[in-house]
Protein chains: 4
Amino acid sequence: MTAKPDTATAWGTIAHLGTVELFTPELDGSIWFFTEILGLTETGRRDGSVFLRTYDNYETTSLVVTERDQPGMGPTALRASSPEALDRIERALGESGHEVTWIDGYAGHGRTLRTSDPDGHETDVYYDTEWYDAPERLRPALKNQPQAKPNRGVGVRRLDHVNYLAADVLANAEFHQQALGARATEQIQLDSGKIAARWLTYTQKSYDVVYTEDWTGSTGRLHHIAFATDGREDILRACDICIDNDVFIETGPHKHAIQQTFFLYVYEPGGNRIELCNPLTRLVFAPDWRLVTWTEEERKKGQAWGLKTIESFHTHGTPLV
Amino acid sequence: MTAKPDTATAWGTIAHLGTVELFTPELDGSIWFFTEILGLTETGRRDGSVFLRTYDNYETTSLVVTERDQPGMGPTALRASSPEALDRIERALGESGHEVTWIDGYAGHGRTLRTSDPDGHETDVYYDTEWYDAPERLRPALKNQPQAKPNRGVGVRRLDHVNYLAADVLANAEFHQQALGARATEQIQLDSGKIAARWLTYTQKSYDVVYTEDWTGSTGRLHHIAFATDGREDILRACDICIDNDVFIETGPHKHAIQQTFFLYVYEPGGNRIELCNPLTRLVFAPDWRLVTWTEEERKKGQAWGLKTIESFHTHGTPLV
Amino acid sequence: MTAKPDTATAWGTIAHLGTVELFTPELDGSIWFFTEILGLTETGRRDGSVFLRTYDNYETTSLVVTERDQPGMGPTALRASSPEALDRIERALGESGHEVTWIDGYAGHGRTLRTSDPDGHETDVYYDTEWYDAPERLRPALKNQPQAKPNRGVGVRRLDHVNYLAADVLANAEFHQQALGARATEQIQLDSGKIAARWLTYTQKSYDVVYTEDWTGSTGRLHHIAFATDGREDILRACDICIDNDVFIETGPHKHAIQQTFFLYVYEPGGNRIELCNPLTRLVFAPDWRLVTWTEEERKKGQAWGLKTIESFHTHGTPLV
Amino acid sequence: MTAKPDTATAWGTIAHLGTVELFTPELDGSIWFFTEILGLTETGRRDGSVFLRTYDNYETTSLVVTERDQPGMGPTALRASSPEALDRIERALGESGHEVTWIDGYAGHGRTLRTSDPDGHETDVYYDTEWYDAPERLRPALKNQPQAKPNRGVGVRRLDHVNYLAADVLANAEFHQQALGARATEQIQLDSGKIAARWLTYTQKSYDVVYTEDWTGSTGRLHHIAFATDGREDILRACDICIDNDVFIETGPHKHAIQQTFFLYVYEPGGNRIELCNPLTRLVFAPDWRLVTWTEEERKKGQAWGLKTIESFHTHGTPLV
């Protein structure tokens, strides 16, 4: 995983995760969850979609929620690190035979390059973006913060990562590594040699996107999206908020062995799995980070402090199949 | 401070602090502060007063807020540990020459014995009380908790203590010790021998009421009331909430040397000083606890971790004089 | 559960839990665990026993550890609230037909009344006690604290509670209620009507001793003893310390539904189950607290945030049978 | 601050801060502080220097401590993101007229390019580095962590940043920006137009190095170095550890307005100022981050929650002058 600063797909070509779109059959319930429980701010509604943001996002939008018959996910949008980086990505995708189209931006983004990963998850890349300008009532006390911290719900800081399900984990991970400049930081390798999951980063966070094997043969599905909290105590507080508001807790709180993230998994009322995550101050700085591979044997030990992985973690994805 | 279980004013005669009444010239602002910032629940309005409760109070009311020209305080109500204890307090007050009257209870209390401390702070004692029955939307997930934890603001657990200003600290402290069975746990003694502040408890919390010297010659004034949070992180979160909502922070967060409480002092919009406090799990269990006396020299070191006591801490009380 | 201040066994007769003795077949390992992992301080060794203390204990000793072939427990010592209270307990035990003997105190205690609960757990009561005087190197910065906070391990604050196994939960709980003045705060009642567990308190902590049904027909066994930490973060930190030091984590961290305690269960090297617990600032103040009864149906929901109770929690006790 | 990925000094050329060397007139005291209080691990001694590491450093060394008559600092070493990046830095420094020499690496580093900033702080850049291989007793439970988490002291995660004093803040900041690819994220600008402090980053942390004006006319001095903790609670725990171990707390804990870091400043026994810092999960992701400028007026408000900046913060630097 040597840094390749002179190639089109070097690490650093993508600056960070921008937005994700979720589908929900229960629009009101989902919006209640994201605003009242997680503490996101609704910034507007357009064409059947609701636009939401976390308090520390310098851009306008973190999450787009759209009503559909089934839960699931729409496009993931990534911000390129420069206009030139966006062009290089276009060329790299073209040269490697991926179909690309230019679309009008949404969610505050400028012109946007749309492609999809091999599994069919739509993937957008943009550079131009609208910076968030908080209205008076949401103005923060500190000028280095885009918005006042929410006074309701968990008050999550940012959209942290997306965990896709895919039939072929390796092919999809390599798409992010080769075409988009992601680095692989950790993975699960089965005794058969097959890669069952891989964690990838565009940043110095230890992961921004994850691929986990979809055992159902379906494509384009979502395992979960995650929002980062300020600290672990926000997740413990979230647990109490969830039980008092009938939000289903699937598992947690606990600490992942892989990536060491402190986690809580819940289902939003539309059925999508949502993670609240906190990595403490852990970051991956080594430009030549050595990919950590976990074996089946090691995975049997469960999570970091011994919690066994819950069965539904292997069976629940959206859309449901 | 030996336990005196067979006398009228033994420790244990008062079970705990019940309610406090605050006066405010800015009723709407004060109610906004207590509900939106601290996360108290309003339970009703009657005769110009607003009734509020913290989420872990088994009784109906923690705080009564009443509009007045000036900030300041009304009665403090204490719950006796039994009907017999209430009678014993009546006798003890009578024998020691304190005026008492029986009044109708308010704030969910039954018949109430009203007296006042030597400085003129009205002090009520009651035994019969209404247990809180949460309405459907505030019903908790856990049956050993009276109410769902608030999903907005700090979400304070309980009214923790009252800090009175008084011309004669010792006389007032001894009133609580002799007539009401309080124990003194810590105090400040000036080089002159004068007691400048004393901390008193009815429970195994290290203090429930405090007297601090009022340098103005006024009587019946309030230094602050305090609400306990679940943990210290709730106070750190409160700091961010306060600055983003223009709530004035007077001092903190820091740890008191005396009593070791983690603290934050703010002013509610009506002008009363409010403390958010957290003692961690510290409790005083010794039935023969040895009163801790702090000297002027020791107080000069500032708070536990070195913060100097802010000047306004010695000058601001309500009503303002 | 009305307070009965005029009877020998009124609540308040016992002031607090003093010490517990544990047996271990691995003395060195157990002492390493209590000092290096939990951060207790060893104060001396005598007659094959090692004396240990938590940093916020005003008495000299919190825990006595003694080498034996099997893990398990020796006496639990309770401090009476006054010399008169100790006498009243002697009378009450005698009148109710319990055998009592006076023994010389150990662990810094004066003359001690020894009896046992119906299940055979030795129970000591004392009033006279030695206050801890920290040696120079352990002297605290704050004079209201008995000892400097440990700079190694978890740094637990106090011995918090003892959970006994007993063939007949109700009989043993009633012994504490009737002879020793404990209050019952929560219990589990099976559909058959049988009480399967009961939580009892002498203080305003919500429990000091617990009885859980022993399914093996053995007597005098231990389920666990618990140490309270300052905050929840100390328990999360403890998790990392445990895995890096090969201390077995049985279950947690999570929050109990019953009593709402944040918990972690580990086994010390001698085989005894040890809980690290944190109740936040939760206390039980009502003198007429209404016993909370949990049904089988309610228990099936698992712990507060959904964790299922681990099987070994129902099968592991010491000594092993 | 547009990303300049094709120039020698693009952001990303430096991967991260590697090591800092501190001088101390009290070697034993300083080493006691770094190992027993902060929880660093000593890895060896060579040529009068002691080599120390934080637990989450993938390289061997975080801090080098060397005995000298006066406190102060030696070289700061930065890791380049690739061998090519190291070469580009050499060219860029040469072209801009900076003197450079190649030296043998120390502290586990390979061949090292040595230069100095305009103020005379020695600055080293290396790429080759030795990865840490923990000895058996320090082996972590989780394979994605280089070392077991320390069981003593604060247990800091990493060397976080260096704050230099410099006569000309702007010139020194621009050296890092132009020759080394740093990005400026925040600064203080006096009413006169002069830049009094600037915060710079090589990573997605919001700062790695800081320049603050040295009012004394001296050169090459240190304001402080900082170590990041896992969470804020580690800093609160550190406060207690410091007072019980006679470590001088200069100011804090509190939250900086600039960069929002939760902080505690102490002096190690050698006299150097050390910060314990925690940014929660705050990171700067925007490739075109807009430099935040704080005015004199804004600075008068004090820190984020109102703490006034302590006088010694403007007068204490090492070496003392």
# chains A, B, ... in the order shown; residues from 1 in each chain; ligands from 1
call {"tool": "interface_residues", "arguments": {"of": "chain D", "to": "chain A", "cutoff": "8 Å", "atoms": "only C-alpha atoms", "output": "mmCIF file with all heavy atoms, in the first residue's frame"}}
result
data_model
loop_
_atom_site.group_PDB
_atom_site.id
_atom_site.type_symbol
_atom_site.label_atom_id
_atom_site.label_comp_id
_atom_site.auth_asym_id
_atom_site.auth_seq_id
_atom_site.Cartn_x
_atom_site.Cartn_y
_atom_site.Cartn_z
ATOM 1 N N THR D 2 -5.570 25.549 -1.590
ATOM 2 C CA THR D 2 -5.917 24.459 -2.502
ATOM 3 C C THR D 2 -4.852 23.367 -2.421
ATOM 4 O O THR D 2 -3.679 23.645 -2.255
ATOM 5 C CB THR D 2 -5.977 24.993 -3.942
ATOM 6 O OG1 THR D 2 -6.776 26.168 -3.933
ATOM 7 C CG2 THR D 2 -6.537 23.961 -4.882
ATOM 8 N N ALA D 3 -5.287 22.143 -2.559
ATOM 9 C CA ALA D 3 -4.335 21.035 -2.586
ATOM 10 C C ALA D 3 -3.470 21.187 -3.834
ATOM 11 O O ALA D 3 -3.967 21.542 -4.896
ATOM 12 C CB ALA D 3 -5.080 19.708 -2.623
ATOM 13 N N PRO D 5 -1.313 18.746 -5.515
ATOM 14 C CA PRO D 5 -0.759 17.389 -5.542
ATOM 15 C C PRO D 5 0.407 17.193 -6.506
ATOM 16 O O PRO D 5 1.099 16.189 -6.410
ATOM 17 C CB PRO D 5 -1.947 16.525 -5.947
ATOM 18 C CG PRO D 5 -2.929 17.450 -6.549
ATOM 19 C CD PRO D 5 -2.694 18.798 -5.958
ATOM 20 N N ASP D 6 0.630 18.123 -7.420
ATOM 21 C CA ASP D 6 1.690 17.867 -8.386
ATOM 22 C C ASP D 6 2.963 18.633 -8.071
ATOM 23 O O ASP D 6 3.936 18.559 -8.821
ATOM 24 C CB ASP D 6 1.190 18.195 -9.795
ATOM 25 C CG ASP D 6 0.059 17.270 -10.166
ATOM 26 O OD1 ASP D 6 0.219 16.047 -9.942
ATOM 27 O OD2 ASP D 6 -0.977 17.762 -10.628
ATOM 28 N N GLY D 12 0.459 16.354 1.903
ATOM 29 C CA GLY D 12 0.609 14.914 1.741
ATOM 30 C C GLY D 12 2.053 14.498 1.549
ATOM 31 O O GLY D 12 2.373 13.321 1.603
ATOM 32 N N ALA D 15 4.030 12.761 5.839
ATOM 33 C CA ALA D 15 2.946 11.866 6.266
ATOM 34 C C ALA D 15 2.463 12.197 7.673
ATOM 35 O O ALA D 15 1.265 12.181 7.945
ATOM 36 C CB ALA D 15 3.409 10.413 6.215
ATOM 37 N N HIS D 16 3.404 12.501 8.544
ATOM 38 C CA HIS D 16 3.014 12.750 9.942
ATOM 39 C C HIS D 16 4.229 13.138 10.760
ATOM 40 O O HIS D 16 5.380 12.942 10.343
ATOM 41 C CB HIS D 16 2.340 11.524 10.555
ATOM 42 C CG HIS D 16 3.212 10.310 10.574
ATOM 43 N ND1 HIS D 16 4.199 10.094 11.510
ATOM 44 C CD2 HIS D 16 3.271 9.237 9.734
ATOM 45 C CE1 HIS D 16 4.802 8.948 11.261
ATOM 46 N NE2 HIS D 16 4.274 8.409 10.187
ATOM 47 N N TYR D 58 3.210 3.224 15.598
ATOM 48 C CA TYR D 58 3.668 2.049 14.829
ATOM 49 C C TYR D 58 5.180 2.057 14.654
ATOM 50 O O TYR D 58 5.781 1.028 14.354
ATOM 51 C CB TYR D 58 2.963 1.978 13.465
ATOM 52 C CG TYR D 58 3.432 3.018 12.470
ATOM 53 C CD1 TYR D 58 4.444 2.739 11.541
ATOM 54 C CD2 TYR D 58 2.867 4.288 12.454
ATOM 55 C CE1 TYR D 58 4.867 3.694 10.633
ATOM 56 C CE2 TYR D 58 3.282 5.238 11.554
ATOM 57 C CZ TYR D 58 4.283 4.949 10.636
ATOM 58 O OH TYR D 58 4.711 5.898 9.748
ATOM 59 N N SER D 81 6.092 10.940 3.041
ATOM 60 C CA SER D 81 5.074 9.964 2.664
ATOM 61 C C SER D 81 5.595 8.896 1.706
ATOM 62 O O SER D 81 4.909 7.917 1.440
ATOM 63 C CB SER D 81 3.864 10.665 2.062
ATOM 64 O OG SER D 81 4.250 11.365 0.913
ATOM 65 N N SER D 82 6.795 9.082 1.171
ATOM 66 C CA SER D 82 7.385 8.107 0.259
ATOM 67 C C SER D 82 8.851 8.470 0.063
ATOM 68 O O SER D 82 9.260 9.587 0.383
ATOM 69 C CB SER D 82 6.664 8.129 -1.100
ATOM 70 O OG SER D 82 6.893 9.373 -1.750
ATOM 71 N N LEU D 142 -4.971 -7.040 20.627
ATOM 72 C CA LEU D 142 -5.487 -6.795 19.281
ATOM 73 C C LEU D 142 -4.329 -6.545 18.316
ATOM 74 O O LEU D 142 -3.498 -5.672 18.560
ATOM 75 C CB LEU D 142 -6.439 -5.604 19.298
ATOM 76 C CG LEU D 142 -7.675 -5.775 20.197
ATOM 77 C CD1 LEU D 142 -8.498 -4.497 20.213
ATOM 78 C CD2 LEU D 142 -8.526 -6.947 19.740
ATOM 79 N N LYS D 143 -4.306 -7.284 17.214
ATOM 80 C CA LYS D 143 -3.163 -7.223 16.320
ATOM 81 C C LYS D 143 -3.065 -5.931 15.518
ATOM 82 O O LYS D 143 -2.067 -5.698 14.851
ATOM 83 C CB LYS D 143 -3.165 -8.447 15.402
ATOM 84 C CG LYS D 143 -4.367 -8.526 14.471
ATOM 85 C CD LYS D 143 -4.514 -9.907 13.860
ATOM 86 C CE LYS D 143 -3.464 -10.210 12.822
ATOM 87 N NZ LYS D 143 -3.767 -11.482 12.117
ATOM 88 N N ASN D 144 -4.104 -5.113 15.555
ATOM 89 C CA ASN D 144 -4.052 -3.824 14.855
ATOM 90 C C ASN D 144 -3.557 -2.702 15.765
ATOM 91 O O ASN D 144 -3.765 -1.526 15.487
ATOM 92 C CB ASN D 144 -5.422 -3.482 14.264
ATOM 93 C CG ASN D 144 -6.540 -3.603 15.287
ATOM 94 O OD1 ASN D 144 -6.279 -3.784 16.473
ATOM 95 N ND2 ASN D 144 -7.770 -3.523 14.828
ATOM 96 N N ARG D 157 -1.932 8.208 23.842
ATOM 97 C CA ARG D 157 -1.933 7.447 22.598
ATOM 98 C C ARG D 157 -0.781 7.817 21.673
ATOM 99 O O ARG D 157 -0.144 6.953 21.079
ATOM 100 C CB ARG D 157 -3.256 7.687 21.862
ATOM 101 C CG ARG D 157 -3.361 6.944 20.527
ATOM 102 C CD ARG D 157 -4.667 7.237 19.817
ATOM 103 N NE ARG D 157 -5.767 6.602 20.481
ATOM 104 C CZ ARG D 157 -6.201 5.355 20.226
ATOM 105 N NH1 ARG D 157 -5.614 4.634 19.283
ATOM 106 N NH2 ARG D 157 -7.209 4.857 20.893
ATOM 107 N N THR D 203 -1.724 16.524 7.973
ATOM 108 C CA THR D 203 -2.612 15.361 7.998
ATOM 109 C C THR D 203 -4.062 15.839 7.983
ATOM 110 O O THR D 203 -4.343 16.970 7.597
ATOM 111 C CB THR D 203 -2.359 14.552 9.292
ATOM 112 O OG1 THR D 203 -2.680 15.396 10.400
ATOM 113 C CG2 THR D 203 -0.916 14.098 9.397
ATOM 114 N N GLN D 204 -4.974 15.000 8.403
ATOM 115 C CA GLN D 204 -6.345 15.442 8.577
ATOM 116 C C GLN D 204 -6.653 15.785 10.023
ATOM 117 O O GLN D 204 -7.760 16.195 10.333
ATOM 118 C CB GLN D 204 -7.329 14.418 7.996
ATOM 119 C CG GLN D 204 -7.475 14.689 6.504
ATOM 120 C CD GLN D 204 -7.768 13.470 5.696
ATOM 121 O OE1 GLN D 204 -7.502 12.348 6.111
ATOM 122 N NE2 GLN D 204 -8.317 13.695 4.511
ATOM 123 N N ALA D 228 -1.718 13.170 22.720
ATOM 124 C CA ALA D 228 -3.167 12.957 22.628
ATOM 125 C C ALA D 228 -3.581 11.776 23.493
ATOM 126 O O ALA D 228 -2.937 10.727 23.488
ATOM 127 C CB ALA D 228 -3.580 12.707 21.181
ATOM 128 N N THR D 229 -4.661 11.956 24.223
ATOM 129 C CA THR D 229 -5.258 10.873 25.009
ATOM 130 C C THR D 229 -6.375 10.225 24.192
ATOM 131 O O THR D 229 -6.835 10.776 23.194
ATOM 132 C CB THR D 229 -5.869 11.418 26.303
ATOM 133 O OG1 THR D 229 -6.906 12.351 25.962
ATOM 134 C CG2 THR D 229 -4.818 12.113 27.160
ATOM 135 N N ASP D 230 -6.832 9.080 24.665
ATOM 136 C CA ASP D 230 -7.950 8.407 23.996
ATOM 137 C C ASP D 230 -9.219 9.256 24.060
ATOM 138 O O ASP D 230 -9.934 9.402 23.079
ATOM 139 C CB ASP D 230 -8.241 7.064 24.678
ATOM 140 C CG ASP D 230 -7.159 6.038 24.425
ATOM 141 O OD1 ASP D 230 -6.271 6.282 23.607
ATOM 142 O OD2 ASP D 230 -7.213 4.977 25.069
ATOM 143 N N GLY D 231 -9.519 9.777 25.228
ATOM 144 C CA GLY D 231 -10.755 10.546 25.398
ATOM 145 C C GLY D 231 -10.550 11.663 26.399
ATOM 146 O O GLY D 231 -9.463 11.811 26.981
ATOM 147 N N ALA D 257 -10.785 27.529 22.350
ATOM 148 C CA ALA D 257 -11.641 28.061 21.281
ATOM 149 C C ALA D 257 -10.996 27.711 19.934
ATOM 150 O O ALA D 257 -11.629 27.108 19.068
ATOM 151 C CB ALA D 257 -11.797 29.572 21.431
ATOM 152 N N ILE D 258 -9.724 28.059 19.806
ATOM 153 C CA ILE D 258 -8.996 27.714 18.577
ATOM 154 C C ILE D 258 -8.784 26.207 18.552
ATOM 155 O O ILE D 258 -8.262 25.625 19.501
ATOM 156 C CB ILE D 258 -7.646 28.465 18.537
ATOM 157 C CG1 ILE D 258 -7.898 29.979 18.525
ATOM 158 C CG2 ILE D 258 -6.812 28.029 17.340
ATOM 159 C CD1 ILE D 258 -6.638 30.824 18.541
ATOM 160 N N GLN D 259 -9.216 25.580 17.493
ATOM 161 C CA GLN D 259 -9.079 24.132 17.251
ATOM 162 C C GLN D 259 -9.946 23.260 18.172
ATOM 163 O O GLN D 259 -9.993 22.058 17.990
ATOM 164 C CB GLN D 259 -7.597 23.682 17.350
ATOM 165 C CG GLN D 259 -6.661 24.407 16.405
ATOM 166 C CD GLN D 259 -6.832 24.005 14.944
ATOM 167 O OE1 GLN D 259 -7.707 23.220 14.590
ATOM 168 N NE2 GLN D 259 -6.007 24.563 14.072
ATOM 169 N N ASN D 278 -7.026 16.482 23.721
ATOM 170 C CA ASN D 278 -7.999 15.582 23.121
ATOM 171 C C ASN D 278 -8.935 16.367 22.218
ATOM 172 O O ASN D 278 -9.634 17.270 22.664
ATOM 173 C CB ASN D 278 -8.799 14.845 24.194
ATOM 174 C CG ASN D 278 -9.598 13.731 23.576
ATOM 175 O OD1 ASN D 278 -10.711 13.951 23.102
ATOM 176 N ND2 ASN D 278 -9.025 12.557 23.501
ATOM 177 N N PRO D 279 -8.930 15.993 20.945
ATOM 178 C CA PRO D 279 -9.770 16.705 19.969
ATOM 179 C C PRO D 279 -11.116 16.019 19.762
ATOM 180 O O PRO D 279 -11.830 16.370 18.836
ATOM 181 C CB PRO D 279 -8.931 16.603 18.705
ATOM 182 C CG PRO D 279 -8.266 15.255 18.825
ATOM 183 C CD PRO D 279 -8.048 15.016 20.302
ATOM 184 N N LEU D 280 -11.461 15.057 20.621
ATOM 185 C CA LEU D 280 -12.610 14.194 20.325
ATOM 186 C C LEU D 280 -12.394 13.619 18.928
ATOM 187 O O LEU D 280 -11.275 13.234 18.609
ATOM 188 C CB LEU D 280 -13.919 14.991 20.430
ATOM 189 C CG LEU D 280 -14.249 15.510 21.847
ATOM 190 C CD1 LEU D 280 -15.483 16.389 21.838
ATOM 191 C CD2 LEU D 280 -14.460 14.342 22.803
ATOM 192 N N THR D 281 -13.435 13.564 18.108
ATOM 193 C CA THR D 281 -13.262 12.998 16.761
ATOM 194 C C THR D 281 -13.128 14.088 15.694
ATOM 195 O O THR D 281 -13.282 13.818 14.506
ATOM 196 C CB THR D 281 -14.459 12.089 16.405
ATOM 197 O OG1 THR D 281 -15.672 12.814 16.671
ATOM 198 C CG2 THR D 281 -14.462 10.818 17.225
ATOM 199 N N ARG D 282 -12.838 15.301 16.110
ATOM 200 C CA ARG D 282 -12.749 16.408 15.141
ATOM 201 C C ARG D 282 -11.581 16.222 14.171
ATOM 202 O O ARG D 282 -10.453 15.980 14.599
ATOM 203 C CB ARG D 282 -12.583 17.729 15.885
ATOM 204 C CG ARG D 282 -12.637 18.940 14.969
ATOM 205 C CD ARG D 282 -12.663 20.234 15.770
ATOM 206 N NE ARG D 282 -12.834 21.381 14.909
ATOM 207 C CZ ARG D 282 -11.840 22.155 14.474
ATOM 208 N NH1 ARG D 282 -10.596 21.918 14.834
ATOM 209 N NH2 ARG D 282 -12.083 23.172 13.665
ATOM 210 N N PHE D 285 -11.358 17.773 6.949
ATOM 211 C CA PHE D 285 -11.378 16.983 5.720
ATOM 212 C C PHE D 285 -11.330 17.818 4.445
ATOM 213 O O PHE D 285 -10.944 17.317 3.397
ATOM 214 C CB PHE D 285 -12.647 16.125 5.669
ATOM 215 C CG PHE D 285 -12.702 15.066 6.713
ATOM 216 C CD1 PHE D 285 -13.609 15.132 7.762
ATOM 217 C CD2 PHE D 285 -11.837 13.979 6.662
ATOM 218 C CE1 PHE D 285 -13.665 14.145 8.729
ATOM 219 C CE2 PHE D 285 -11.883 12.983 7.630
ATOM 220 C CZ PHE D 285 -12.797 13.071 8.671
ATOM 221 N N ALA D 286 -11.777 19.068 4.519
ATOM 222 C CA ALA D 286 -11.891 19.867 3.295
ATOM 223 C C ALA D 286 -10.516 20.076 2.673
ATOM 224 O O ALA D 286 -9.615 20.579 3.332
ATOM 225 C CB ALA D 286 -12.535 21.212 3.607
ATOM 226 N N PRO D 287 -10.336 19.701 1.398
ATOM 227 C CA PRO D 287 -9.034 19.925 0.759
ATOM 228 C C PRO D 287 -8.802 21.421 0.534
ATOM 229 O O PRO D 287 -7.664 21.844 0.342
ATOM 230 C CB PRO D 287 -9.157 19.167 -0.562
ATOM 231 C CG PRO D 287 -10.622 19.092 -0.841
ATOM 232 C CD PRO D 287 -11.304 19.056 0.504
ATOM 233 N N VAL D 292 -9.083 29.880 9.218
ATOM 234 C CA VAL D 292 -9.890 30.614 10.202
ATOM 235 C C VAL D 292 -8.988 31.614 10.927
ATOM 236 O O VAL D 292 -7.962 31.229 11.486
ATOM 237 C CB VAL D 292 -10.501 29.640 11.232
ATOM 238 C CG1 VAL D 292 -11.251 30.409 12.322
ATOM 239 C CG2 VAL D 292 -11.416 28.636 10.533
ATOM 240 N N ALA D 304 -12.841 28.414 24.978
ATOM 241 C CA ALA D 304 -14.186 28.111 24.453
ATOM 242 C C ALA D 304 -15.295 28.319 25.476
ATOM 243 O O ALA D 304 -16.360 28.847 25.157
ATOM 244 C CB ALA D 304 -14.226 26.673 23.936
#
call {"tool": "select_by_dssp", "arguments": {"residues": "segment 32-259 of chain C", "states": "helix (DSSP H, G or I)", "output": "ChimeraX atom specification"}}
result
/C:32-37,83-95,136-138,169-180,232-244
call {"tool": "residues_around", "arguments": {"residues": "Ala173 of chain D", "least_positions_apart": "4", "cutoff": "8 Å", "atoms": "only C-alpha atoms", "output": "ChimeraX atom specification"}}
result
/D:169,177,184,198,200,210-211
call {"tool": "select_by_dssp", "arguments": {"residues": "segment 68-123 of chain A", "states": "strand (DSSP E)", "output": "number ranges by chain"}}
result
A: 72-80, 101-103, 112-116, 122-123
